[in-house]
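> Sharing a structure, written as structure tokens. Questions coming.
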There are 2 protein chains.
Amino acid sequence: MNVTALEEYGLRCAVQLASLPEGTTLSAPEIAEREGLSIEYVSKFMLLLKRAELVRTVRGIKGGFALSRQPAEISLKEVLDALNGRKKSGSEFCKSFTGKSDACVRFGSCSIRPFWDLLSGYVEEFTSRMTLADLIRPEEEIRDKTRSIASDHVGQMRKGELRS
Amino acid sequence: MNVTALEEYGLRCAVQLASLPEGTTLSAPEIAEREGLSIEYVSKFMLLLKRAELVRTVRGIKGGFALSRQPAEISLKEVLDALNGRKKSGSEFCKSFTGKSDACVRFGSCSIRPFWDLLSGYVEEFTSRMTLADLIRPEEEIRDKTRSIASDHVGQMRKGELRS
DNA sequence: TTGAAACAATACTTTTTTGTACGGATTTTA
DNA sequence: TAAAATCCGTACAAAAAAGTATTGTTTCAA
């Protein structure tokens with residue numbers, strides 16, 4: 001379970017836009033400069049974000065990019081989904097097989113799928129509730145939040161729901 | 001954030017071994033048959049699991065594979081780590097950059113890293129507590145468990161730790 | 001002892017992901 | 001109107017992941 005390059009870099013670019021003053025735009029060269037990426041690569045991300053209608057563009061000289069909505073109204077899930085094209089989540093794992101079989105061998109009785117389902121379900125839930133606005137606060141602030149959430153959750157698990 | 005093919009298929013093969021009667025082994029051709037994978041591909045996974053000492057092997061005719069410990073003593077994290085070689089977790093994201101810069105541009109003040117840290121931290125926590133024994137129960141049973149864990153966690157998030 | 005069936009290991013091919021290059025379209029400004 | 005700076009889009013190259021092929025070693029059993 002890895003974070004893809006598109007997710008990582010694309011999210012960074014989106015966060016750059018989130019910290020932008022209202023009404024202003026940021027050009028691809030500027031974003032590239034700030035993030036230490038090539039202009040062409042940044043353009044690729046921004047095109048994806050634009051097609052998902054998360055970003056609006058201004059063409060021509062003095063043009064650039066801006067978020068099409070308020071940072072607090074854009075969830076990280078929306079951003080990540082836009083960058084990933086279409087990630088296979090939930091029960092789409094069942095379509096993964098190789099030549100020999102026509103369908104997943106485990107059809108009917110599968111304990112692995114619910115496991116992946118929970119994990120990806122959690123990721124979706126979490127990224128749905130986090131917004132770009134959350135990512136432009138100072139590091140310590142967000143770190144405290146995430147830490148407390150994590151410990152709460154671990155506490156729930158320790159209560160014995162899992163191992164039993 | 002995607003599940004890799006190695007994780008998916010390798011875990012399936014490990015589960016096949018987990019449901020094996022004590023003292024018996026399962027050969028690569030047999031595993032391949034049961035999972036609908038090629039023998040060569042299965043061999044690749046098993047080699048990784050063997051090198052991580054999660055699996056013991058018997059060579060020669062009538063040989064095969066078996067778990068080197070009890071299913072309940074092998075966490076899914078161990079299995080997934082063995083299959084992934086070395087996945088970049090936690091703050092290793094900071095080492096991801098391209099040509100222009102020598103280090104992550106965001107060094108010192110980064111709100112994205114804590115976000116990824118929490119997410120991957122959760123995944124690690126969860127996969128550490130799940131074992132192969134959990135994956136050989138009937139589907140409904142594990143589904144109920146995972147569902148309740150997830151709802152507990154969402155409840156915690158709803159309490160307002162995240163959005164503030 | 002010899003052949004068959006299995007693991008062991010590495011090399012190879014194919015596919016996907018990652019990242020770059022380049023030509024065209026749009027808008028501002030001089 | 002023309003040049004400059006920008007977005008737009010696709011095509012291309014490089015790297016990594018996925019999956020296959022092959023050769024060698026071990027063990028059992030006839």
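Residues are referred to by chain and number: the chain letter is A, B, ... according to the order shown in the structure tokens, the number counts from 1 in that chain, and ligands are numbered separately from 1 in the order shown.
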List every residue of chain C that has an atom at most 10 Å from any atom of chain B, giving for each one its closest atom pair and the distance in Å to one decimal, counting only C-alpha atoms (C1' of nucleotides), sorted by chain and then by ascending residue number, as JSON lines.

```
{"residue": "C:DA4", "atom": "C1'", "partner": "B:Ile61", "partner_atom": "CA", "distance": 7.8}
{"residue": "C:DA5", "atom": "C1'", "partner": "B:Ile61", "partner_atom": "CA", "distance": 4.6}
{"residue": "C:DA6", "atom": "C1'", "partner": "B:Gly60", "partner_atom": "CA", "distance": 4.7}
{"residue": "C:DC7", "atom": "C1'", "partner": "B:Arg59", "partner_atom": "CA", "distance": 5.2}
{"residue": "C:DA8", "atom": "C1'", "partner": "B:Leu47", "partner_atom": "CA", "distance": 8.0}
{"residue": "C:DA9", "atom": "C1'", "partner": "B:Leu47", "partner_atom": "CA", "distance": 9.3}
{"residue": "C:DG19", "atom": "C1'", "partner": "B:Thr98", "partner_atom": "CA", "distance": 9.4}
```
> Tell me which protein, DNA and RNA residues are within 9 Å of DA21 (chain C), counting only C-alpha atoms (C1' of nucleotides), leaving out same-chain ones fewer than 4 positions away, and put them as an mmCIF file with all heavy atoms, in the first residue's frame.

```cif
data_model
loop_
_atom_site.group_PDB
_atom_site.id
_atom_site.type_symbol
_atom_site.label_atom_id
_atom_site.label_comp_id
_atom_site.auth_asym_id
_atom_site.auth_seq_id
_atom_site.Cartn_x
_atom_site.Cartn_y
_atom_site.Cartn_z
ATOM 1 N N GLU A 40 7.034 21.148 -16.629
ATOM 2 C CA GLU A 40 6.225 20.204 -17.403
ATOM 3 C C GLU A 40 5.471 19.236 -16.494
ATOM 4 O O GLU A 40 4.305 18.909 -16.754
ATOM 5 C CB GLU A 40 7.118 19.413 -18.364
ATOM 6 C CG GLU A 40 7.768 20.226 -19.451
ATOM 7 C CD GLU A 40 9.027 20.933 -18.964
ATOM 8 O OE1 GLU A 40 9.411 20.712 -17.789
ATOM 9 O OE2 GLU A 40 9.612 21.693 -19.749
ATOM 10 P P DA D 11 -0.717 11.404 -29.533
ATOM 11 O OP1 DA D 11 -1.614 11.131 -30.669
ATOM 12 O OP2 DA D 11 -0.818 10.592 -28.304
ATOM 13 O "O5'" DA D 11 0.798 11.337 -30.034
ATOM 14 C "C5'" DA D 11 1.476 12.536 -30.405
ATOM 15 C "C4'" DA D 11 2.917 12.478 -29.925
ATOM 16 O "O4'" DA D 11 3.024 13.014 -28.581
ATOM 17 C "C3'" DA D 11 3.497 11.067 -29.867
ATOM 18 O "O3'" DA D 11 4.785 11.086 -30.437
ATOM 19 C "C2'" DA D 11 3.554 10.764 -28.367
ATOM 20 C "C1'" DA D 11 3.840 12.150 -27.822
ATOM 21 N N9 DA D 11 3.498 12.326 -26.404
ATOM 22 C C8 DA D 11 2.298 12.057 -25.786
ATOM 23 N N7 DA D 11 2.282 12.320 -24.507
ATOM 24 C C5 DA D 11 3.560 12.799 -24.250
ATOM 25 C C6 DA D 11 4.192 13.260 -23.074
ATOM 26 N N6 DA D 11 3.574 13.311 -21.889
ATOM 27 N N1 DA D 11 5.481 13.670 -23.170
ATOM 28 C C2 DA D 11 6.088 13.611 -24.361
ATOM 29 N N3 DA D 11 5.605 13.207 -25.542
ATOM 30 C C4 DA D 11 4.319 12.814 -25.408
ATOM 31 P P DC D 12 5.522 9.735 -30.874
ATOM 32 O OP1 DC D 12 6.046 9.951 -32.244
ATOM 33 O OP2 DC D 12 4.631 8.595 -30.575
ATOM 34 O "O5'" DC D 12 6.763 9.680 -29.882
ATOM 35 C "C5'" DC D 12 7.588 10.850 -29.740
ATOM 36 C "C4'" DC D 12 8.307 10.793 -28.409
ATOM 37 O "O4'" DC D 12 7.367 10.969 -27.330
ATOM 38 C "C3'" DC D 12 9.030 9.470 -28.126
ATOM 39 O "O3'" DC D 12 10.425 9.683 -28.225
ATOM 40 C "C2'" DC D 12 8.591 9.096 -26.702
ATOM 41 C "C1'" DC D 12 7.932 10.366 -26.187
ATOM 42 N N1 DC D 12 6.859 10.147 -25.183
ATOM 43 C C2 DC D 12 7.060 10.533 -23.853
ATOM 44 O O2 DC D 12 8.146 11.023 -23.532
ATOM 45 N N3 DC D 12 6.072 10.330 -22.946
ATOM 46 C C4 DC D 12 4.912 9.790 -23.329
ATOM 47 N N4 DC D 12 3.972 9.633 -22.412
ATOM 48 C C5 DC D 12 4.686 9.397 -24.685
ATOM 49 C C6 DC D 12 5.675 9.585 -25.565
#
```
> What is the CA of Ser75 (chain B) to CA of Ser128 (chain B) distance in Å?
5.4 Å
> List every residue of chain D that has an atom at most 7 Å from any atom of chain B, and for each one report the closest atom pair and its distance in Å to one decimal, counting only C-alpha atoms (C1' of nucleotides), with rows sorted by chain and then by increasing residue number, as CSV.

```
residue,atom,partner,partner_atom,distance
D:DG19,C1',B:Tyr41,CA,6.7
D:DT26,C1',B:Gly60,CA,5.1
D:DT27,C1',B:Gly60,CA,3.7
D:DC28,C1',B:Ile61,CA,5.6
```
> How many Å separate C1' of DA16 (chain D) from C1' of DT14 (chain C)?
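C1' of DA16 (chain D) sits 12.4 Å away from C1' of DT14 (chain C).
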> Using the chain letters and numbers from this document, which residues of region 11-129 of chain B does DSSP assign to strand (DSSP E), as an mmCIF file with all heavy atoms, in the first residue's frame?

```cif
data_model
loop_
_atom_site.group_PDB
_atom_site.id
_atom_site.type_symbol
_atom_site.label_atom_id
_atom_site.label_comp_id
_atom_site.auth_asym_id
_atom_site.auth_seq_id
_atom_site.Cartn_x
_atom_site.Cartn_y
_atom_site.Cartn_z
ATOM 1 N N VAL B 55 7.979 -18.495 6.246
ATOM 2 C CA VAL B 55 7.601 -19.770 5.637
ATOM 3 C C VAL B 55 8.796 -20.711 5.668
ATOM 4 O O VAL B 55 9.940 -20.284 5.517
ATOM 5 C CB VAL B 55 7.158 -19.495 4.170
ATOM 6 C CG1 VAL B 55 7.393 -20.705 3.292
ATOM 7 C CG2 VAL B 55 5.704 -19.053 4.120
ATOM 8 N N ARG B 56 8.533 -21.974 5.923
ATOM 9 C CA ARG B 56 9.598 -22.974 5.813
ATOM 10 C C ARG B 56 9.299 -23.860 4.607
ATOM 11 O O ARG B 56 8.134 -23.998 4.204
ATOM 12 C CB ARG B 56 9.718 -23.811 7.085
ATOM 13 C CG ARG B 56 8.505 -24.647 7.391
ATOM 14 C CD ARG B 56 8.669 -25.445 8.680
ATOM 15 N NE ARG B 56 7.431 -26.127 9.009
ATOM 16 C CZ ARG B 56 7.030 -27.272 8.442
ATOM 17 N NH1 ARG B 56 7.797 -27.861 7.523
ATOM 18 N NH2 ARG B 56 5.878 -27.819 8.779
ATOM 19 N N THR B 57 10.332 -24.420 4.044
ATOM 20 C CA THR B 57 10.139 -25.200 2.828
ATOM 21 C C THR B 57 10.679 -26.614 2.982
ATOM 22 O O THR B 57 11.584 -26.867 3.785
ATOM 23 C CB THR B 57 10.870 -24.546 1.635
ATOM 24 O OG1 THR B 57 12.272 -24.521 1.913
ATOM 25 C CG2 THR B 57 10.389 -23.131 1.411
ATOM 26 N N VAL B 58 10.119 -27.515 2.210
ATOM 27 C CA VAL B 58 10.625 -28.877 2.106
ATOM 28 C C VAL B 58 10.942 -29.109 0.645
ATOM 29 O O VAL B 58 10.064 -28.962 -0.214
ATOM 30 C CB VAL B 58 9.583 -29.904 2.592
ATOM 31 C CG1 VAL B 58 10.121 -31.321 2.426
ATOM 32 C CG2 VAL B 58 9.191 -29.627 4.029
ATOM 33 N N GLY B 64 7.189 -28.897 -0.397
ATOM 34 C CA GLY B 64 6.202 -27.832 -0.416
ATOM 35 C C GLY B 64 6.502 -26.757 0.614
ATOM 36 O O GLY B 64 7.616 -26.657 1.113
ATOM 37 N N PHE B 65 5.480 -25.949 0.904
ATOM 38 C CA PHE B 65 5.634 -24.821 1.829
ATOM 39 C C PHE B 65 4.708 -24.968 3.021
ATOM 40 O O PHE B 65 3.638 -25.565 2.923
ATOM 41 C CB PHE B 65 5.296 -23.511 1.120
ATOM 42 C CG PHE B 65 6.147 -23.233 -0.088
ATOM 43 C CD1 PHE B 65 5.752 -23.667 -1.346
ATOM 44 C CD2 PHE B 65 7.342 -22.538 0.030
ATOM 45 C CE1 PHE B 65 6.526 -23.406 -2.462
ATOM 46 C CE2 PHE B 65 8.123 -22.276 -1.074
ATOM 47 C CZ PHE B 65 7.704 -22.721 -2.328
ATOM 48 N N ALA B 66 5.140 -24.402 4.146
ATOM 49 C CA ALA B 66 4.287 -24.295 5.321
ATOM 50 C C ALA B 66 4.703 -23.057 6.096
ATOM 51 O O ALA B 66 5.836 -22.580 5.959
ATOM 52 C CB ALA B 66 4.415 -25.540 6.191
ATOM 53 N N LEU B 67 3.795 -22.516 6.895
ATOM 54 C CA LEU B 67 4.142 -21.379 7.743
ATOM 55 C C LEU B 67 5.154 -21.833 8.787
ATOM 56 O O LEU B 67 5.094 -22.961 9.274
ATOM 57 C CB LEU B 67 2.897 -20.824 8.434
ATOM 58 C CG LEU B 67 1.831 -20.217 7.516
ATOM 59 C CD1 LEU B 67 0.632 -19.742 8.340
ATOM 60 C CD2 LEU B 67 2.397 -19.079 6.697
#
```
> Could you pull out all residues of region 7-146 of chain B with a DSSP call of helix (DSSP H, G or I) and give them as a VMD selection string?
chain B and resid 7 to 18 28 to 35 39 to 51 71 to 73 76 to 84 90 to 95 112 to 129 132 to 136 139 to 146
> Of the residues A:Ala103, A:Leu11, A:Leu26, A:Val123, which is the one nearest to Ala82 (chain A), using only C-alpha atoms?
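Closest to Ala82 (chain A) of all the choices is A:Leu11.
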